[in-house]
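Coordinates as given in model_38.csv (CSV, N, CA and C atoms):
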chain,number,residue,atom,x,y,z
T,17,MET,N,-15.5,-6.5,0.9
T,17,MET,CA,-14.7,-7.7,1.0
T,17,MET,C,-13.9,-7.6,2.3
T,18,HIS,N,-14.0,-8.7,3.0
T,18,HIS,CA,-13.3,-8.8,4.3
T,18,HIS,C,-12.4,-10.0,4.2
T,19,PRO,N,-11.1,-9.9,4.4
T,19,PRO,CA,-10.2,-11.0,4.3
T,19,PRO,C,-10.4,-12.0,5.4
T,20,SER,N,-10.5,-13.3,5.0
T,20,SER,CA,-10.6,-14.4,6.0
T,20,SER,C,-9.3,-14.6,6.8
T,21,SER,N,-8.2,-14.2,6.1
T,21,SER,CA,-6.9,-14.2,6.8
T,21,SER,C,-6.2,-13.0,6.2
T,22,THR,N,-5.1,-12.6,6.8
T,22,THR,CA,-4.4,-11.5,6.4
T,22,THR,C,-3.9,-11.7,4.9
T,23,ARG,N,-4.2,-10.8,4.1
T,23,ARG,CA,-3.7,-10.8,2.7
T,23,ARG,C,-2.8,-9.6,2.5
T,24,ASN,N,-1.8,-9.9,1.7
T,24,ASN,CA,-0.8,-8.9,1.4
T,24,ASN,C,-1.1,-8.1,0.1
T,25,VAL,N,-1.2,-6.8,0.2
T,25,VAL,CA,-1.6,-5.9,-0.9
T,25,VAL,C,-0.4,-4.9,-1.2
T,26,ALA,N,0.2,-5.0,-2.3
T,26,ALA,CA,1.2,-4.0,-2.7
T,26,ALA,C,0.5,-2.8,-3.4
T,27,ILE,N,0.8,-1.6,-2.9
T,27,ILE,CA,0.3,-0.4,-3.5
T,27,ILE,C,1.4,0.3,-4.3
T,28,VAL,N,1.4,0.2,-5.6
T,28,VAL,CA,2.4,0.8,-6.4
T,28,VAL,C,1.9,2.3,-6.7
T,29,GLY,N,2.8,3.2,-6.4
T,29,GLY,CA,2.4,4.6,-6.5
T,29,GLY,C,1.9,5.1,-5.2
T,30,ALA,N,2.2,4.5,-4.1
T,30,ALA,CA,1.7,4.9,-2.7
T,30,ALA,C,2.2,6.3,-2.5
T,31,SER,N,1.3,7.0,-1.7
T,31,SER,CA,1.6,8.4,-1.5
T,31,SER,C,1.3,8.8,0.0
T,32,SER,N,2.1,9.7,0.5
T,32,SER,CA,1.8,10.3,1.8
T,32,SER,C,0.8,11.5,1.8
T,33,LYS,N,0.5,11.9,0.6
T,33,LYS,CA,-0.4,13.0,0.4
T,33,LYS,C,-1.9,12.5,0.6
T,34,LYS,N,-2.5,13.1,1.6
T,34,LYS,CA,-3.8,12.6,2.0
T,34,LYS,C,-4.9,12.8,1.0
T,35,ASP,N,-4.7,13.6,0.0
T,35,ASP,CA,-5.8,13.8,-1.0
T,35,ASP,C,-5.6,12.9,-2.2
T,36,ARG,N,-4.6,12.0,-2.2
T,36,ARG,CA,-4.4,11.1,-3.3
T,36,ARG,C,-5.1,9.8,-3.0
T,37,TYR,N,-5.7,9.2,-4.1
T,37,TYR,CA,-6.4,8.0,-4.0
T,37,TYR,C,-5.6,6.8,-3.4
T,38,ALA,N,-4.3,6.8,-3.7
T,38,ALA,CA,-3.4,5.7,-3.2
T,38,ALA,C,-3.4,5.8,-1.7
T,39,HIS,N,-3.3,7.0,-1.1
T,39,HIS,CA,-3.3,7.2,0.3
T,39,HIS,C,-4.6,6.7,0.9
T,40,MET,N,-5.7,7.2,0.3
T,40,MET,CA,-7.1,6.8,0.8
T,40,MET,C,-7.2,5.2,0.7
T,41,ALA,N,-6.7,4.6,-0.3
T,41,ALA,CA,-6.8,3.2,-0.5
T,41,ALA,C,-6.0,2.5,0.6
T,42,GLN,N,-4.8,3.0,0.9
T,42,GLN,CA,-4.0,2.4,2.0
T,42,GLN,C,-4.7,2.4,3.3
T,43,GLU,N,-5.3,3.6,3.6
T,43,GLU,CA,-6.0,3.7,4.9
T,43,GLU,C,-7.2,2.7,5.0
T,44,LEU,N,-7.9,2.6,3.9
T,44,LEU,CA,-9.1,1.7,3.9
T,44,LEU,C,-8.7,0.2,4.0
T,45,LEU,N,-7.6,-0.1,3.3
T,45,LEU,CA,-7.2,-1.5,3.3
T,45,LEU,C,-6.6,-1.9,4.7
T,46,MET,N,-5.9,-0.9,5.3
T,46,MET,CA,-5.4,-1.2,6.7
T,46,MET,C,-6.6,-1.3,7.7
T,47,GLU,N,-7.6,-0.5,7.5
T,47,GLU,CA,-8.8,-0.6,8.4
T,47,GLU,C,-9.5,-1.9,8.3
T,48,LYS,N,-9.4,-2.5,7.1
T,48,LYS,CA,-10.1,-3.8,6.8
T,48,LYS,C,-9.2,-5.0,7.1
T,49,GLY,N,-8.0,-4.7,7.6
T,49,GLY,CA,-7.2,-5.8,8.1
T,49,GLY,C,-6.2,-6.4,7.1
T,50,TYR,N,-6.0,-5.7,6.0
T,50,TYR,CA,-5.0,-6.2,5.0
T,50,TYR,C,-3.6,-5.7,5.4
T,51,LYS,N,-2.6,-6.5,5.1
T,51,LYS,CA,-1.2,-6.1,5.3
T,51,LYS,C,-0.8,-5.3,4.0
T,52,VAL,N,-0.6,-4.0,4.1
T,52,VAL,CA,-0.3,-3.2,3.0
T,52,VAL,C,1.3,-3.0,2.9
T,53,ILE,N,1.7,-3.1,1.6
T,53,ILE,CA,3.1,-2.9,1.3
T,53,ILE,C,3.2,-1.7,0.3
T,54,PRO,N,3.4,-0.5,0.9
T,54,PRO,CA,3.5,0.7,0.0
T,54,PRO,C,4.8,0.7,-0.8
T,55,VAL,N,4.6,0.9,-2.1
T,55,VAL,CA,5.8,1.0,-3.0
T,55,VAL,C,5.8,2.4,-3.5
T,56,SER,N,6.9,3.1,-3.1
T,56,SER,CA,7.0,4.6,-3.4
T,56,SER,C,8.5,4.9,-3.5
T,57,ALA,N,8.8,5.6,-4.6
T,57,ALA,CA,10.2,6.1,-4.8
T,57,ALA,C,10.4,7.4,-4.0
T,58,ARG,N,9.3,8.1,-3.6
T,58,ARG,CA,9.4,9.4,-3.0
T,58,ARG,C,9.4,9.3,-1.4
T,59,ASP,N,8.5,8.6,-0.9
T,59,ASP,CA,8.2,8.5,0.5
T,59,ASP,C,9.0,7.4,1.2
T,60,LYS,N,9.5,7.6,2.4
T,60,LYS,CA,10.2,6.6,3.1
T,60,LYS,C,9.2,5.8,4.0
T,61,GLU,N,8.1,6.5,4.4
T,61,GLU,CA,7.1,5.9,5.3
T,61,GLU,C,5.8,6.5,5.0
T,62,ILE,N,4.7,5.7,5.0
T,62,ILE,CA,3.4,6.1,4.8
T,62,ILE,C,2.5,5.5,5.8
T,63,LEU,N,1.8,6.3,6.6
T,63,LEU,CA,0.9,5.8,7.6
T,63,LEU,C,1.5,4.8,8.6
T,64,GLY,N,2.8,5.1,8.9
T,64,GLY,CA,3.5,4.3,9.9
T,64,GLY,C,4.1,3.0,9.3
T,65,ILE,N,4.0,2.8,8.0
T,65,ILE,CA,4.6,1.6,7.3
T,65,ILE,C,5.8,2.1,6.4
T,66,GLN,N,6.9,1.4,6.6
T,66,GLN,CA,8.1,1.7,5.8
T,66,GLN,C,7.8,1.3,4.3
T,67,THR,N,8.1,2.2,3.4
T,67,THR,CA,7.9,1.9,2.0
T,67,THR,C,9.1,1.2,1.4
T,68,ILE,N,8.9,0.6,0.2
T,68,ILE,CA,10.0,0.1,-0.6
T,68,ILE,C,9.9,0.8,-1.9
T,69,ASP,N,11.0,0.8,-2.6
T,69,ASP,CA,11.1,1.6,-3.8
T,69,ASP,C,10.9,0.8,-5.1
T,70,ALA,N,10.7,-0.5,-5.0
T,70,ALA,CA,10.5,-1.3,-6.2
T,70,ALA,C,9.8,-2.6,-5.9
T,71,LEU,N,8.9,-3.0,-6.8
T,71,LEU,CA,8.2,-4.3,-6.5
T,71,LEU,C,9.1,-5.5,-6.3
T,72,ASN,N,10.2,-5.5,-7.0
T,72,ASN,CA,11.1,-6.7,-6.9
T,72,ASN,C,11.8,-6.8,-5.6
T,73,LYS,N,11.7,-5.8,-4.7
T,73,LYS,CA,12.3,-5.8,-3.4
T,73,LYS,C,11.3,-6.3,-2.3
T,74,ILE,N,10.1,-6.7,-2.7
T,74,ILE,CA,9.2,-7.3,-1.7
T,74,ILE,C,9.6,-8.7,-1.4
T,75,GLN,N,9.7,-8.9,-0.1
T,75,GLN,CA,10.0,-10.2,0.4
T,75,GLN,C,8.8,-10.9,0.9
T,76,GLY,N,8.5,-12.1,0.4
T,76,GLY,CA,7.3,-12.8,0.8
T,76,GLY,C,6.2,-12.7,-0.2
T,77,PRO,N,5.1,-13.3,0.0
T,77,PRO,CA,4.0,-13.4,-1.0
T,77,PRO,C,3.2,-12.1,-1.1
T,78,VAL,N,2.7,-11.8,-2.3
T,78,VAL,CA,1.8,-10.7,-2.5
T,78,VAL,C,0.6,-11.3,-3.2
T,79,ASP,N,-0.6,-11.0,-2.6
T,79,ASP,CA,-1.8,-11.5,-3.1
T,79,ASP,C,-2.5,-10.6,-4.2
T,80,THR,N,-2.3,-9.3,-4.0
T,80,THR,CA,-2.9,-8.3,-4.9
T,80,THR,C,-1.9,-7.1,-5.1
T,81,VAL,N,-1.8,-6.6,-6.3
T,81,VAL,CA,-1.1,-5.4,-6.6
T,81,VAL,C,-2.1,-4.4,-7.1
T,82,THR,N,-2.0,-3.2,-6.5
T,82,THR,CA,-2.8,-2.1,-7.0
T,82,THR,C,-1.9,-1.0,-7.5
T,83,LEU,N,-2.3,-0.3,-8.6
T,83,LEU,CA,-1.5,0.7,-9.2
T,83,LEU,C,-2.2,2.0,-9.3
T,84,TYR,N,-1.5,3.0,-8.8
T,84,TYR,CA,-2.0,4.4,-8.8
T,84,TYR,C,-1.0,5.3,-9.5
T,85,VAL,N,-1.3,5.9,-10.6
T,85,VAL,CA,-0.4,6.8,-11.3
T,85,VAL,C,-1.1,8.1,-11.5
T,86,GLY,N,-0.3,9.2,-11.6
T,86,GLY,CA,-0.8,10.5,-11.8
T,86,GLY,C,-1.0,10.8,-13.2
Encoded form using structure tokens:
Amino acid sequence: MHPSSTRNVAIVGASSKKDRYAHMAQELLMEKGYKVIPVSARDKEILGIQTIDALNKIQGPVDTVTLYVG
């Protein structure tokens, strides 16, 4: 899937640990041109993008939410 225009994807459970699926997903989505919004209570920044600690703090539209839990 290739976005025709930038789409916003929130990743709940985002992780800075490279072996986590959430991290791999963020890398891939960014490579494909998506605007990623990492949601993490632990990390302040992932792959150069500042995280937020709760979904309700997202400003602006979100097209897709992905959820990664341990």
_With DSSP run on the backbone, what are the alpha helix (DSSP H) residues within chain T? I'd like them as a list in words._
Tyr37, Ala38, His39, Met40, Ala41, Gln42, Glu43, Leu44, Leu45, Met46 and Glu47 of chain T
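One finds atom N of T:Thr22 at 28.9 Å from atom N of T:Gly86.
Take the candidates T:Ile74, T:Leu45, T:Glu61, T:Val52 and check each one against T:Ser31 using all atoms listed in the file; the shortest distance goes to T:Glu61.
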*asked:* Please return, as a PyMOL selection string, all residues of chain T that DSSP assigns to strand (DSSP E) on the basis of the backbone.
replied: chain T and resi 24-28+51-55+61-62+65-66+80-83
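Within 8 Å of stretch 32-35 of chain T there are Arg58, Asp59, Lys60, Glu61, Ile62 and Leu63 of chain T, counting only N, CA and C atoms and ignoring same-chain residues fewer than 6 positions away.
Minimum atom-to-atom distance to T:Gly29, evaluated using all atoms listed in the file, belongs to T:Val55 out of T:Val55, T:Gly49, T:Gly76, T:Asp69.
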*Using atom CA of T:Ala57 and atom CA of T:Ile27 as the two end points, give the distance in Å to one decimal.*
11.9 Å
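For the point (0.8, 7.3, -8.2) in file coordinates, the residues within 9 Å, using only C-alpha atoms, are T:Val28, T:Gly29, T:Ala30, T:Ser31, T:Arg36, T:Tyr37, T:Ala38, T:Ser56, T:Leu83, T:Tyr84, T:Val85, T:Gly86.
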If we count only N, CA and C atoms, what is near T:Val25 at a cut-off of 6 Å, once residues fewer than 5 positions away on the same chain are taken out, given as a PDB file with N, CA and C atoms, in the coordinates of the input?
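This is the output file part-v4.pdb:
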ATOM      1  N   TYR T  50      -6.000  -5.700   6.000  1.00  0.00           N
ATOM      2  CA  TYR T  50      -5.000  -6.200   5.000  1.00  0.00           C
ATOM      3  C   TYR T  50      -3.600  -5.700   5.400  1.00  0.00           C
ATOM      4  N   LYS T  51      -2.600  -6.500   5.100  1.00  0.00           N
ATOM      5  CA  LYS T  51      -1.200  -6.100   5.300  1.00  0.00           C
ATOM      6  C   LYS T  51      -0.800  -5.300   4.000  1.00  0.00           C
ATOM      7  N   VAL T  52      -0.600  -4.000   4.100  1.00  0.00           N
ATOM      8  CA  VAL T  52      -0.300  -3.200   3.000  1.00  0.00           C
ATOM      9  C   VAL T  52       1.300  -3.000   2.900  1.00  0.00           C
ATOM     10  N   ILE T  53       1.700  -3.100   1.600  1.00  0.00           N
ATOM     11  CA  ILE T  53       3.100  -2.900   1.300  1.00  0.00           C
ATOM     12  C   ILE T  53       3.200  -1.700   0.300  1.00  0.00           C
ATOM     13  N   VAL T  78       2.700 -11.800  -2.300  1.00  0.00           N
ATOM     14  CA  VAL T  78       1.800 -10.700  -2.500  1.00  0.00           C
ATOM     15  C   VAL T  78       0.600 -11.300  -3.200  1.00  0.00           C
ATOM     16  N   ASP T  79      -0.600 -11.000  -2.600  1.00  0.00           N
ATOM     17  CA  ASP T  79      -1.800 -11.500  -3.100  1.00  0.00           C
ATOM     18  C   ASP T  79      -2.500 -10.600  -4.200  1.00  0.00           C
ATOM     19  N   THR T  80      -2.300  -9.300  -4.000  1.00  0.00           N
ATOM     20  CA  THR T  80      -2.900  -8.300  -4.900  1.00  0.00           C
ATOM     21  C   THR T  80      -1.900  -7.100  -5.100  1.00  0.00           C
ATOM     22  N   VAL T  81      -1.800  -6.600  -6.300  1.00  0.00           N
ATOM     23  CA  VAL T  81      -1.100  -5.400  -6.600  1.00  0.00           C
ATOM     24  C   VAL T  81      -2.100  -4.400  -7.100  1.00  0.00           C
ATOM     25  N   THR T  82      -2.000  -3.200  -6.500  1.00  0.00           N
ATOM     26  CA  THR T  82      -2.800  -2.100  -7.000  1.00  0.00           C
ATOM     27  C   THR T  82      -1.900  -1.000  -7.500  1.00  0.00           C
TER      28      THR T  82
END
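Atom CA of T:Ala26 sits 15.3 Å away from atom CA of T:Gly64.
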Because the input lacks atoms here, generate all heavy atoms for stretch 46-57 of chain T and report them as a tab-separated table (two decimals), in the frame of the given file.
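Writing done, so here's selection.tsv:
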chain	number	residue	atom	x	y	z
T	46	MET	N	-5.90	-0.90	5.30
T	46	MET	CA	-5.40	-1.20	6.70
T	46	MET	C	-6.60	-1.30	7.70
T	46	MET	O	-6.53	-2.21	8.52
T	46	MET	CB	-4.46	-0.06	7.08
T	46	MET	CG	-3.15	-0.08	6.31
T	46	MET	SD	-2.10	1.38	6.56
T	46	MET	CE	-1.75	1.27	8.30
T	47	GLU	N	-7.60	-0.50	7.50
T	47	GLU	CA	-8.80	-0.60	8.40
T	47	GLU	C	-9.50	-1.90	8.30
T	47	GLU	O	-10.01	-2.45	9.24
T	47	GLU	CB	-9.76	0.53	8.07
T	47	GLU	CG	-9.35	1.90	8.54
T	47	GLU	CD	-10.31	2.98	8.06
T	47	GLU	OE1	-11.43	2.66	7.61
T	47	GLU	OE2	-9.93	4.17	8.13
T	48	LYS	N	-9.40	-2.50	7.10
T	48	LYS	CA	-10.10	-3.80	6.80
T	48	LYS	C	-9.20	-5.00	7.10
T	48	LYS	O	-9.66	-6.11	6.95
T	48	LYS	CB	-10.54	-3.84	5.32
T	48	LYS	CG	-11.53	-2.78	4.92
T	48	LYS	CD	-12.86	-3.01	5.59
T	48	LYS	CE	-13.87	-1.96	5.15
T	48	LYS	NZ	-15.16	-2.13	5.79
T	49	GLY	N	-8.00	-4.70	7.60
T	49	GLY	CA	-7.20	-5.80	8.10
T	49	GLY	C	-6.20	-6.40	7.10
T	49	GLY	O	-5.57	-7.41	7.37
T	50	TYR	N	-6.00	-5.70	6.00
T	50	TYR	CA	-5.00	-6.20	5.00
T	50	TYR	C	-3.60	-5.70	5.40
T	50	TYR	O	-3.48	-4.68	6.07
T	50	TYR	CB	-5.34	-5.58	3.62
T	50	TYR	CG	-6.57	-6.17	2.98
T	50	TYR	CD1	-7.83	-5.65	3.23
T	50	TYR	CD2	-6.46	-7.26	2.13
T	50	TYR	CE1	-8.96	-6.19	2.65
T	50	TYR	CE2	-7.59	-7.81	1.55
T	50	TYR	CZ	-8.83	-7.26	1.81
T	50	TYR	OH	-9.94	-7.81	1.23
T	51	LYS	N	-2.60	-6.50	5.10
T	51	LYS	CA	-1.20	-6.10	5.30
T	51	LYS	C	-0.80	-5.30	4.00
T	51	LYS	O	-0.83	-5.90	2.90
T	51	LYS	CB	-0.33	-7.29	5.47
T	51	LYS	CG	1.12	-6.87	5.64
T	51	LYS	CD	2.04	-8.05	5.82
T	51	LYS	CE	3.45	-7.54	6.00
T	51	LYS	NZ	4.34	-8.02	4.97
T	52	VAL	N	-0.60	-4.00	4.10
T	52	VAL	CA	-0.30	-3.20	3.00
T	52	VAL	C	1.30	-3.00	2.90
T	52	VAL	O	1.98	-2.85	3.84
T	52	VAL	CB	-0.91	-1.81	3.20
T	52	VAL	CG1	-0.52	-0.86	2.09
T	52	VAL	CG2	-2.43	-1.95	3.26
T	53	ILE	N	1.70	-3.10	1.60
T	53	ILE	CA	3.10	-2.90	1.30
T	53	ILE	C	3.20	-1.70	0.30
T	53	ILE	O	2.92	-1.85	-0.86
T	53	ILE	CB	3.70	-4.18	0.58
T	53	ILE	CG1	3.47	-5.43	1.44
T	53	ILE	CG2	5.18	-3.97	0.27
T	53	ILE	CD1	3.61	-6.73	0.69
T	54	PRO	N	3.40	-0.50	0.90
T	54	PRO	CA	3.50	0.70	0.00
T	54	PRO	C	4.80	0.70	-0.80
T	54	PRO	O	5.87	0.54	-0.25
T	54	PRO	CB	3.42	1.82	1.01
T	54	PRO	CG	3.81	1.27	2.33
T	54	PRO	CD	3.60	-0.20	2.30
T	55	VAL	N	4.60	0.90	-2.10
T	55	VAL	CA	5.80	1.00	-3.00
T	55	VAL	C	5.80	2.40	-3.50
T	55	VAL	O	4.92	2.91	-4.18
T	55	VAL	CB	5.62	0.02	-4.20
T	55	VAL	CG1	6.83	0.13	-5.12
T	55	VAL	CG2	5.42	-1.41	-3.71
T	56	SER	N	6.90	3.10	-3.10
T	56	SER	CA	7.00	4.60	-3.40
T	56	SER	C	8.50	4.90	-3.50
T	56	SER	O	9.30	4.59	-2.69
T	56	SER	CB	6.38	5.41	-2.30
T	56	SER	OG	6.63	6.78	-2.51
T	57	ALA	N	8.80	5.60	-4.60
T	57	ALA	CA	10.20	6.10	-4.80
T	57	ALA	C	10.40	7.40	-4.00
T	57	ALA	O	11.53	7.82	-3.81
T	57	ALA	CB	10.45	6.33	-6.28
